[in-house]
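Novice: File name run_24.cif; file contents mmCIF, C-alpha atoms; full text below.
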data_protein
loop_
_atom_site.label_atom_id
_atom_site.label_comp_id
_atom_site.auth_asym_id
_atom_site.auth_seq_id
_atom_site.Cartn_x
_atom_site.Cartn_y
_atom_site.Cartn_z
CA MET A 1 258.48 44.22 31.31
CA ALA A 2 254.81 44.88 31.17
CA GLN A 3 252.59 41.88 30.60
CA LEU A 4 250.27 41.61 27.67
CA THR A 5 246.95 39.86 28.06
CA CYS A 6 244.97 38.54 25.16
CA GLU A 7 241.48 37.28 24.69
CA VAL A 8 240.06 35.77 21.53
CA LEU A 9 236.30 36.05 21.21
CA THR A 10 233.91 34.69 18.64
CA PRO A 11 230.16 35.30 18.55
CA GLU A 12 229.70 31.89 20.13
CA GLY A 13 232.06 32.27 23.02
CA THR A 14 235.49 33.05 24.35
CA ILE A 15 238.03 30.67 22.90
CA TYR A 16 241.21 31.96 24.47
CA SER A 17 242.12 34.15 27.37
CA GLY A 18 245.46 34.56 29.08
CA ALA A 19 248.79 36.30 29.42
CA VAL A 20 250.89 36.30 26.27
CA ASP A 21 254.13 37.71 24.86
CA LEU A 22 253.17 38.35 21.28
CA VAL A 23 250.04 38.42 19.15
CA VAL A 24 250.29 38.30 15.38
CA ALA A 25 247.01 39.01 13.64
CA PRO A 26 246.01 39.19 9.98
CA ALA A 27 244.81 42.78 9.64
CA ALA A 28 242.90 43.86 6.57
CA ASP A 29 246.05 45.11 4.86
CA GLY A 30 248.77 42.81 6.17
CA GLU A 31 249.85 41.13 9.37
CA VAL A 32 250.36 43.12 12.54
CA GLY A 33 252.38 42.02 15.53
CA ILE A 34 251.43 43.31 18.95
CA MET A 35 253.75 43.27 21.94
CA ALA A 36 253.43 44.85 25.35
CA GLN A 37 253.23 48.65 25.49
CA HIS A 38 251.63 48.92 22.08
CA ALA A 39 249.69 52.10 21.42
CA PRO A 40 245.87 51.88 21.46
CA LEU A 41 244.80 50.41 18.15
CA ILE A 42 241.61 49.27 16.49
CA THR A 43 241.95 47.37 13.30
CA ALA A 44 239.78 45.34 10.99
CA LEU A 45 240.87 41.75 10.43
CA GLY A 46 241.07 39.94 7.15
CA LYS A 47 241.42 36.23 6.55
CA GLY A 48 244.48 34.44 7.81
CA THR A 49 246.30 32.93 10.74
CA LEU A 50 246.12 34.42 14.18
CA ARG A 51 249.13 33.49 16.28
CA VAL A 52 249.46 33.94 20.01
CA LYS A 53 252.90 33.33 21.46
CA THR A 54 253.63 32.63 25.11
CA GLY A 55 257.23 31.71 25.89
CA ASN A 56 257.98 28.96 23.39
CA ASP A 57 254.38 27.96 22.84
CA THR A 58 252.45 29.26 19.89
CA THR A 59 248.71 28.81 19.56
CA LYS A 60 247.19 29.31 16.13
CA TRP A 61 243.76 29.87 14.72
CA ILE A 62 242.45 30.50 11.27
CA VAL A 63 240.29 33.58 11.56
CA GLU A 64 238.07 35.38 9.14
CA GLY A 65 236.66 38.84 9.51
CA GLY A 66 236.23 40.79 12.70
CA PHE A 67 238.31 43.26 14.66
CA MET A 68 241.17 43.61 17.03
CA GLU A 69 241.41 46.16 19.77
CA VAL A 70 244.59 46.95 21.67
CA LEU A 71 244.26 49.02 24.80
CA ASN A 72 246.32 49.20 27.99
CA ASN A 73 248.26 46.03 27.25
CA LYS A 74 245.08 44.14 26.58
CA VAL A 75 244.45 42.66 23.16
CA SER A 76 240.87 41.72 22.31
CA VAL A 77 240.45 39.80 19.09
CA LEU A 78 236.85 39.74 17.93
CA ALA A 79 236.82 37.22 15.12
CA GLU A 80 233.70 36.52 13.13
CA LYS A 81 234.90 32.99 12.55
CA ALA A 82 237.77 31.14 14.15
CA THR A 83 238.93 27.55 13.94
CA SER A 84 241.92 26.30 15.87
CA VAL A 85 244.76 24.69 13.98
CA MET B 1 179.45 6.99 41.67
CA ALA B 2 181.94 5.89 39.02
CA ASN B 3 182.84 2.22 39.09
CA SER B 4 186.21 1.16 40.39
CA ARG B 5 187.58 -0.27 37.17
CA GLU B 6 187.02 3.03 35.35
CA LEU B 7 188.74 4.87 38.17
CA ARG B 8 191.68 2.51 38.12
CA ASN B 9 192.12 3.08 34.40
CA LYS B 10 191.97 6.81 34.89
CA ILE B 11 194.62 6.71 37.60
CA THR B 12 196.93 4.63 35.41
CA SER B 13 196.52 6.99 32.48
CA VAL B 14 197.22 10.07 34.61
CA LYS B 15 200.26 8.32 36.03
CA ASN B 16 201.55 7.68 32.52
CA THR B 17 200.99 11.28 31.51
CA LYS B 18 202.81 12.37 34.62
CA LYS B 19 205.81 10.26 33.65
CA ILE B 20 205.94 12.04 30.29
CA THR B 21 205.58 15.56 31.66
CA ARG B 22 208.12 14.81 34.35
CA THR B 23 210.62 13.63 31.75
CA MET B 24 209.98 16.68 29.59
CA GLU B 25 210.53 18.88 32.61
CA MET B 26 213.88 17.28 33.26
CA ILE B 27 214.94 17.55 29.63
CA ALA B 28 213.92 21.21 29.52
CA THR B 29 215.83 21.85 32.74
CA ALA B 30 218.98 20.30 31.29
CA LYS B 31 218.61 22.19 28.01
CA SER B 32 217.90 25.49 29.71
CA VAL B 33 221.16 25.19 31.65
CA VAL B 34 223.05 24.68 28.39
CA CYS B 35 221.24 27.62 26.78
CA GLN B 36 221.97 29.88 29.71
CA LYS B 37 225.65 29.04 29.43
CA ARG B 38 225.48 29.99 25.77
CA ILE B 39 224.00 33.36 26.64
CA GLU B 40 226.91 33.97 28.95
CA ALA B 41 229.35 32.89 26.26
CA VAL B 42 227.84 35.20 23.68
CA GLN B 43 227.64 38.23 25.89
CA PRO B 44 231.32 39.31 26.00
CA TYR B 45 231.46 39.49 22.21
CA GLY B 46 228.27 41.53 22.03
CA ASN B 47 229.47 43.91 24.73
CA LYS B 48 232.86 44.34 23.09
CA VAL B 49 231.32 45.06 19.71
CA ALA B 50 229.06 47.70 21.28
CA GLU B 51 232.10 49.19 23.00
CA LEU B 52 234.00 49.36 19.73
CA LEU B 53 231.05 51.06 18.09
CA ASP B 54 231.09 53.70 20.81
CA ASP B 55 234.82 54.27 20.36
CA LEU B 56 234.31 54.72 16.65
CA LYS B 57 231.49 57.19 17.15
CA GLN B 58 233.76 59.16 19.47
CA ALA B 59 236.35 59.19 16.75
CA GLY B 60 233.76 60.72 14.48
CA ALA B 61 233.59 57.84 12.04
CA GLY B 62 229.83 58.07 11.75
CA ASP B 63 229.66 61.78 11.02
CA ASP B 64 229.58 61.13 7.36
CA ALA B 65 226.52 58.90 7.59
CA ALA B 66 225.58 59.37 3.96
CA SER B 67 228.38 57.11 2.79
CA PHE B 68 227.06 54.15 4.77
CA PRO B 69 223.94 52.70 3.24
CA LEU B 70 223.24 50.78 6.44
CA LEU B 71 223.24 53.96 8.48
CA ARG B 72 220.77 55.79 6.31
CA VAL B 73 217.70 57.15 8.06
CA PRO B 74 214.69 57.04 5.75
CA ALA B 75 212.48 60.12 5.86
CA THR B 76 209.32 58.01 5.74
CA ILE B 77 208.95 54.35 6.46
CA LYS B 78 207.08 52.54 3.74
CA ARG B 79 208.26 48.96 3.98
CA GLU B 80 209.23 47.22 7.15
CA ALA B 81 210.63 43.75 7.78
CA LEU B 82 209.33 42.27 11.00
CA TRP B 83 211.29 39.41 12.54
CA ILE B 84 209.45 37.24 15.00
CA ILE B 85 211.21 34.56 16.99
CA THR B 86 209.02 31.74 18.24
CA ALA B 87 209.58 28.08 19.02
CA ASN B 88 209.41 25.05 16.78
CA ARG B 89 207.54 23.13 19.43
CA GLY B 90 204.66 23.77 21.75
CA LEU B 91 204.05 22.65 25.30
CA CYS B 92 205.79 25.67 26.70
CA GLY B 93 202.96 27.65 28.26
CA GLY B 94 202.36 31.15 26.99
CA TYR B 95 205.79 31.47 25.42
CA ASN B 96 204.68 31.57 21.78
CA ALA B 97 201.34 33.25 22.39
CA ASN B 98 202.86 36.16 24.30
CA THR B 99 205.46 36.84 21.64
CA LEU B 100 202.90 36.65 18.85
CA LYS B 101 200.53 38.99 20.68
CA ILE B 102 203.17 41.73 20.65
CA ALA B 103 203.89 41.01 17.01
CA GLU B 104 200.22 41.20 16.07
CA ASN B 105 199.77 44.52 17.84
CA HIS B 106 202.83 45.86 16.10
CA ILE B 107 201.55 44.77 12.70
CA LYS B 108 198.16 46.36 13.30
CA GLU B 109 199.78 49.59 14.45
CA ARG B 110 202.07 49.73 11.44
CA ARG B 111 199.37 48.84 8.94
CA ALA B 112 197.23 51.63 10.36
CA GLN B 113 200.11 53.98 9.55
CA GLY B 114 200.13 52.71 6.01
CA VAL B 115 203.38 50.79 6.34
CA GLU B 116 203.79 47.61 4.38
CA VAL B 117 204.93 44.92 6.78
CA GLU B 118 206.69 41.83 5.58
CA ILE B 119 206.84 39.03 8.09
CA HIS B 120 209.85 36.82 8.70
CA MET B 121 208.95 34.09 11.11
CA VAL B 122 211.40 31.96 13.03
CA GLY B 123 209.78 28.81 14.40
CA LYS B 124 206.99 26.52 13.25
CA LYS B 125 204.58 27.49 16.00
CA GLY B 126 204.40 31.14 15.05
CA ALA B 127 204.14 30.25 11.37
CA GLY B 128 201.20 27.98 12.05
CA ARG B 129 199.38 30.56 14.12
CA PHE B 130 199.89 33.33 11.58
CA ARG B 131 198.75 31.12 8.74
CA TYR B 132 195.59 30.44 10.73
CA LEU B 133 195.07 34.15 11.31
CA GLY B 134 195.51 34.80 7.62
CA TYR B 135 198.71 36.86 7.73
CA ASP B 136 200.95 36.68 4.75
CA VAL B 137 204.23 35.31 6.07
CA LYS B 138 207.03 36.06 3.68
CA GLN B 139 209.45 33.50 4.98
CA VAL B 140 209.61 30.85 7.68
CA TYR B 141 212.84 29.65 9.23
CA LYS B 142 212.59 26.32 10.97
CA GLN B 143 216.23 25.40 11.26
CA PHE B 144 216.78 26.93 14.68
CA GLU B 145 216.53 24.59 17.63
CA ASP B 146 218.03 25.13 21.03
CA LYS B 147 221.52 25.82 19.67
CA PRO B 148 221.41 28.57 17.05
CA THR B 149 224.80 29.29 15.49
CA PHE B 150 226.14 32.61 14.34
CA ASP B 151 226.62 31.29 10.81
CA GLU B 152 222.96 30.39 10.53
CA ALA B 153 221.89 33.76 11.88
CA GLU B 154 224.22 35.51 9.47
CA ALA B 155 222.98 33.53 6.50
CA ILE B 156 219.37 34.50 6.99
CA PHE B 157 220.01 38.10 7.99
CA GLN B 158 222.48 39.16 5.31
CA PRO B 159 219.82 39.44 2.55
CA ILE B 160 217.79 41.73 4.79
CA LEU B 161 220.76 44.01 5.37
CA ASP B 162 221.46 44.10 1.66
CA ARG B 163 217.89 45.04 0.90
CA PHE B 164 217.92 47.77 3.53
CA ALA B 165 221.10 49.13 2.02
CA ALA B 166 219.53 48.99 -1.44
CA ASP B 167 216.52 51.07 -0.35
CA GLU B 168 214.11 48.18 -0.61
CA LEU B 169 213.35 48.20 3.10
CA ASP B 170 213.06 51.17 5.42
CA ALA B 171 212.97 49.49 8.81
CA VAL B 172 213.73 46.21 10.51
CA THR B 173 212.10 45.27 13.79
CA LEU B 174 212.66 42.23 15.96
CA VAL B 175 210.08 40.71 18.28
CA SER B 176 211.42 38.02 20.57
CA THR B 177 211.55 36.88 24.15
CA ARG B 178 214.34 38.54 26.08
CA TYR B 179 216.22 36.72 28.74
CA ILE B 180 216.40 39.21 31.59
CA THR B 181 217.39 36.93 34.43
CA ALA B 182 217.09 33.19 35.00
CA ALA B 183 213.77 33.88 36.71
CA ARG B 184 212.42 36.48 34.32
CA GLN B 185 211.92 36.44 30.58
CA ALA B 186 209.61 38.75 28.74
CA PRO B 187 208.63 39.20 25.11
CA ASP B 188 209.89 42.45 23.72
CA LYS B 189 210.04 44.49 20.54
CA ARG B 190 213.19 46.19 19.33
CA SER B 191 213.99 48.26 16.33
CA LEU B 192 217.22 47.14 14.61
CA LEU B 193 217.15 49.46 11.63
CA PRO B 194 217.29 52.32 10.95
CA VAL B 195 220.05 52.90 13.47
CA ALA B 196 219.01 55.86 15.57
CA PRO B 197 221.58 58.62 15.16
CA ASP B 198 223.35 58.83 18.51
CA ALA B 199 220.29 58.00 20.53
CA GLY B 200 222.57 56.30 23.02
CA ASP B 201 222.97 52.56 22.77
CA ASP B 202 220.09 50.62 24.17
CA GLY B 203 222.70 48.11 25.30
CA LYS B 204 224.48 48.32 28.61
CA GLU B 205 225.98 51.53 29.92
CA GLU B 206 229.72 51.65 29.63
CA GLU B 207 231.33 51.05 32.95
CA GLY B 208 234.86 52.37 32.60
CA GLY B 209 234.34 54.68 29.70
CA HIS B 210 237.64 54.76 27.86
CA GLY B 211 236.03 56.54 24.94
CA SER B 212 238.45 59.41 25.07
CA THR B 213 241.44 57.20 24.25
CA ASP B 214 243.25 58.18 21.14
CA PHE B 215 243.06 55.03 19.06
CA ILE B 216 244.99 54.33 15.93
CA PHE B 217 242.49 53.10 13.37
CA GLU B 218 243.62 50.71 10.67
CA PRO B 219 242.81 51.18 7.82
CA SER B 220 240.46 54.08 8.76
CA PRO B 221 237.59 54.71 11.20
CA ALA B 222 235.14 54.80 8.31
CA ALA B 223 236.29 51.48 6.88
CA ILE B 224 236.03 49.82 10.26
CA LEU B 225 232.58 51.25 10.83
CA GLY B 226 231.53 49.91 7.46
CA THR B 227 232.17 46.34 8.61
CA LEU B 228 231.29 46.85 12.25
CA VAL B 229 227.73 48.04 11.66
CA PRO B 230 226.55 44.90 9.86
CA LEU B 231 228.33 42.78 12.46
CA THR B 232 226.53 44.58 15.28
CA LEU B 233 223.18 44.02 13.63
CA LYS B 234 223.83 40.33 12.99
CA MET B 235 225.00 40.03 16.54
CA GLN B 236 221.73 41.52 17.77
CA LEU B 237 219.71 38.96 15.83
CA PHE B 238 221.99 36.17 16.99
CA GLN B 239 221.69 37.22 20.62
CA GLY B 240 217.95 37.41 20.14
CA LEU B 241 217.94 33.82 18.90
CA VAL B 242 220.11 32.57 21.74
CA GLU B 243 218.04 34.34 24.37
CA ALA B 244 214.81 33.13 22.83
CA ALA B 245 216.10 29.55 22.85
CA ALA B 246 216.92 29.79 26.56
CA SER B 247 213.59 31.44 27.35
CA GLU B 248 211.76 28.70 25.48
CA GLN B 249 213.39 25.97 27.52
CA ILE B 250 212.67 27.82 30.76
CA ALA B 251 209.05 28.36 29.73
CA ARG B 252 208.73 24.68 28.91
CA ARG B 253 210.27 23.69 32.20
CA ILE B 254 207.73 25.75 34.10
CA ALA B 255 204.82 24.53 32.00
CA MET B 256 205.85 20.92 32.49
CA LYS B 257 206.38 21.41 36.20
CA ASN B 258 202.82 22.72 36.51
CA ALA B 259 201.54 19.78 34.47
CA THR B 260 203.36 17.33 36.73
CA ASP B 261 201.99 19.03 39.84
CA ASN B 262 198.48 18.90 38.39
CA ALA B 263 198.87 15.23 37.59
CA ASP B 264 199.92 14.60 41.19
CA GLU B 265 196.82 16.28 42.47
CA MET B 266 194.57 14.42 40.04
CA ILE B 267 196.06 11.11 41.12
CA ARG B 268 195.45 12.01 44.74
CA ASN B 269 191.82 12.91 44.13
CA TYR B 270 191.08 9.88 42.00
CA THR B 271 192.74 7.57 44.49
CA MET B 272 190.58 9.00 47.24
CA VAL B 273 187.39 8.46 45.22
CA TYR B 274 188.58 4.98 44.25
CA ASN B 275 189.19 3.98 47.87
CA ARG B 276 185.82 5.35 48.85
CA THR B 277 183.98 3.30 46.22
CA ARG B 278 185.96 0.22 47.14
CA GLN B 279 185.08 0.73 50.82
CA ALA B 280 181.43 1.31 49.92
CA GLY B 281 181.42 -1.93 47.93
CA ILE B 282 182.83 -3.94 50.83
CA THR B 283 180.36 -2.43 53.29
CA GLN B 284 177.57 -3.26 50.89
CA GLU B 285 178.69 -6.88 50.61
CA ILE B 286 178.92 -7.30 54.41
CA LEU B 287 175.44 -5.86 54.82
CA GLU B 288 174.13 -8.32 52.26
CA ILE B 289 175.79 -11.31 54.00
CA VAL B 290 174.53 -10.24 57.42
CA ALA B 291 171.05 -9.73 56.02
CA GLY B 292 171.20 -13.16 54.37
CA VAL B 293 172.30 -14.87 57.59
CA GLU B 294 169.55 -13.20 59.53
CA ALA B 295 166.94 -14.26 57.02
CA ILE B 296 168.00 -17.94 57.33
CA SER B 297 168.10 -18.12 61.13
#
In structure tokens, how does this file's structure come out?
Specialist:
Amino acid sequence: MAQLTCEVLTPEGTIYSGAVDLVVAPAADGEVGIMAQHAPLITALGKGTLRVKTGNDTTKWIVEGGFMEVLNNKVSVLAEKATSV
Amino acid sequence: MANSRELRNKITSVKNTKKITRTMEMIATAKSVVCQKRIEAVQPYGNKVAELLDDLKQAGAGDDAASFPLLRVPATIKREALWIITANRGLCGGYNANTLKIAENHIKERRAQGVEVEIHMVGKKGAGRFRYLGYDVKQVYKQFEDKPTFDEAEAIFQPILDRFAADELDAVTLVSTRYITAARQAPDKRSLLPVAPDAGDDGKEEEGGHGSTDFIFEPSPAAILGTLVPLTLKMQLFQGLVEAAASEQIARRIAMKNATDNADEMIRNYTMVYNRTRQAGITQEILEIVAGVEAIS
């Protein structure tokens, strides 16, 4: 199965970068889940929990505003604000 | 020739000054390293945002520019907001002066064209200088030290964006010191608004160029553009602040290094003069003793 890589960026730096299985992000109109082989997507983010799942580990952040881009199995989350939970 | 006590005092005072400049140099060196790391941390976000903006333009989201107040291009520029980023502290060589010189020229140029310029000054040093020159500074921001945060940048810039959108301002220009490499920083002037219609981003050239990819846009390209444009602008101001902070520390490091070197040289010269007067004094005393002995015998 193709691997998905994810990086979470804020204006003040990269807060996460690595290989993941699943990304669940709070898009402007509801949560979206991204797995490997997802079609290219650009979406605006609302306020909510961003979850990144690798195996049995889940990392969470509260994010507010920003964007997510999915391209070639690479997810870039550009959050305006992010605090880890 | 100066007397030896005076010289000794002078040497001590220069030595003390040297201790201070040397310490400041070390502090500035440490801070500049931190600031440079911040620049590197900020860059990926800025690049990615610029990339997204390109993708959106490719998708034709900006074609309908009229519906985005931030993308409007005023026919004539009547009011301009000029942002100047200077330091809160001095002792950093020509850092503040060079930035302000560009700003002053810009103001003169714009005033000659009949444009009303309102000045937003970041940093105490620039504010002080402009007050002295008699410019009317609309607002001074002193809260930025060597670690500006995005929240702070956003807080001060949002009102400007709102006023541009509401037709109260026609242009926004930023004058600040750009961090080009660790060895080179130069003051520079950039226009933030109005956004030039497809004039090619003045940011970095795209390397891979995946602009032709067929993206799915959620909720719509236009909606994304509507939030992306203000973000890009805030990001530009924020990057300007971060780069200026790093440049300030580097400028201070260099200024303090020169001061320390000068102090070294002064100490050397004074010590030489001091030794010479001391030697002259001893020679004088010996001559007097010898002369005295000869007179007795």
Novice: Any chance you could work out the residue set of the PyMOL selection byres ((chain A) within 7 of (chain B)) here, as a list in words?
Specialist: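 Expected selection for the PyMOL selection byres ((chain A) within 7 of (chain B)) here is Leu9, Thr10, Pro11, Glu12, Gly13, Thr14, Pro40, Leu41, Ile42, Thr43, Ala44 and Leu78 of chain A.
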Novice: Go through A:Ala39, A:Cys6, A:Val75, A:Leu45 and flag the residue nearest A:Val63, using all atoms listed in the file for the distances.
Specialist: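 Selected residue with least distance to A:Val63: A:Leu45.
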Novice: May I have the residues within 7 Å of stretch 23-31 of chain A as an mmCIF file with C-alpha atoms, keeping the file's coordinate frame, using all atoms listed in the file and disregarding those fewer than 6 positions away in the same chain?
Specialist:
data_model
loop_
_atom_site.group_PDB
_atom_site.id
_atom_site.type_symbol
_atom_site.label_atom_id
_atom_site.label_comp_id
_atom_site.auth_asym_id
_atom_site.auth_seq_id
_atom_site.Cartn_x
_atom_site.Cartn_y
_atom_site.Cartn_z
ATOM 1 C CA THR A 43 241.950 47.370 13.300
ATOM 2 C CA ALA A 44 239.780 45.340 10.990
ATOM 3 C CA LEU A 45 240.870 41.750 10.430
ATOM 4 C CA GLY A 46 241.070 39.940 7.150
ATOM 5 C CA LYS A 47 241.420 36.230 6.550
ATOM 6 C CA GLY A 48 244.480 34.440 7.810
ATOM 7 C CA THR A 49 246.300 32.930 10.740
ATOM 8 C CA LEU A 50 246.120 34.420 14.180
ATOM 9 C CA ARG A 51 249.130 33.490 16.280
ATOM 10 C CA VAL A 52 249.460 33.940 20.010
ATOM 11 C CA LYS A 53 252.900 33.330 21.460
#
Novice: With 6 Å added on each side, what axis-aligned box encloses every listed atom of stretch 117-135 of chain B? Give the centre and edge lengths in Å to one decimal, as AutoDock Vina command-line options.
Specialist:
--center_x 203.2 --center_y 35.7 --center_z 10.8 --size_x 28.3 --size_y 30.4 --size_z 22.4
Novice: Nearest residue to A:Gln37 out of A:Thr83, A:Thr59, A:Ser17, A:Thr5, using only C-alpha atoms?
Specialist: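 Of all the options, A:Thr5 lies closest to A:Gln37.
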Novice: Translate the PyMOL selection byres ((chain A and resi 81) around 6), as applied to the file shown, into an explicit residue set as an MDAnalysis selection string.
Specialist: chainID A and resid 63:64 79:80 82
Novice: Give me, as a ChimeraX atom specification, all polymer residues having an atom no more than 12 Å from A:Asn56, counting only C-alpha atoms and skipping those fewer than 5 positions away in the same chain.
Specialist: /A:20-22
Novice: In Å, how far is it from atom CA of B:Gln58 to atom CA of B:Ala222?
Specialist: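 These atoms are spaced 12.1 Å apart.
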Novice: Can you list, as a ChimeraX atom specification, the residues that the PyMOL selection byres ((chain A and resi 85) around 6) selects here?
Specialist: /A:60-61,84
Novice: Choose the residue, out of B:Ile296, B:Cys92, B:Gln139, B:Phe68, that has the smallest atom-to-atom separation from B:Ala28; count all atoms listed in the file.
Specialist: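 Closest to B:Ala28 of all the choices is B:Cys92.
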Novice: Could you jot down the atom CA of B:Thr260 to atom CA of B:Asn16 separation for me, Å, one decimal place?
Specialist: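 These two atoms are separated by 10.7 Å.
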Novice: By how many Å are atom CA of B:Val140 and atom CA of B:Gly240 apart?
Specialist: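 Interatomic distance here is 16.4 Å.
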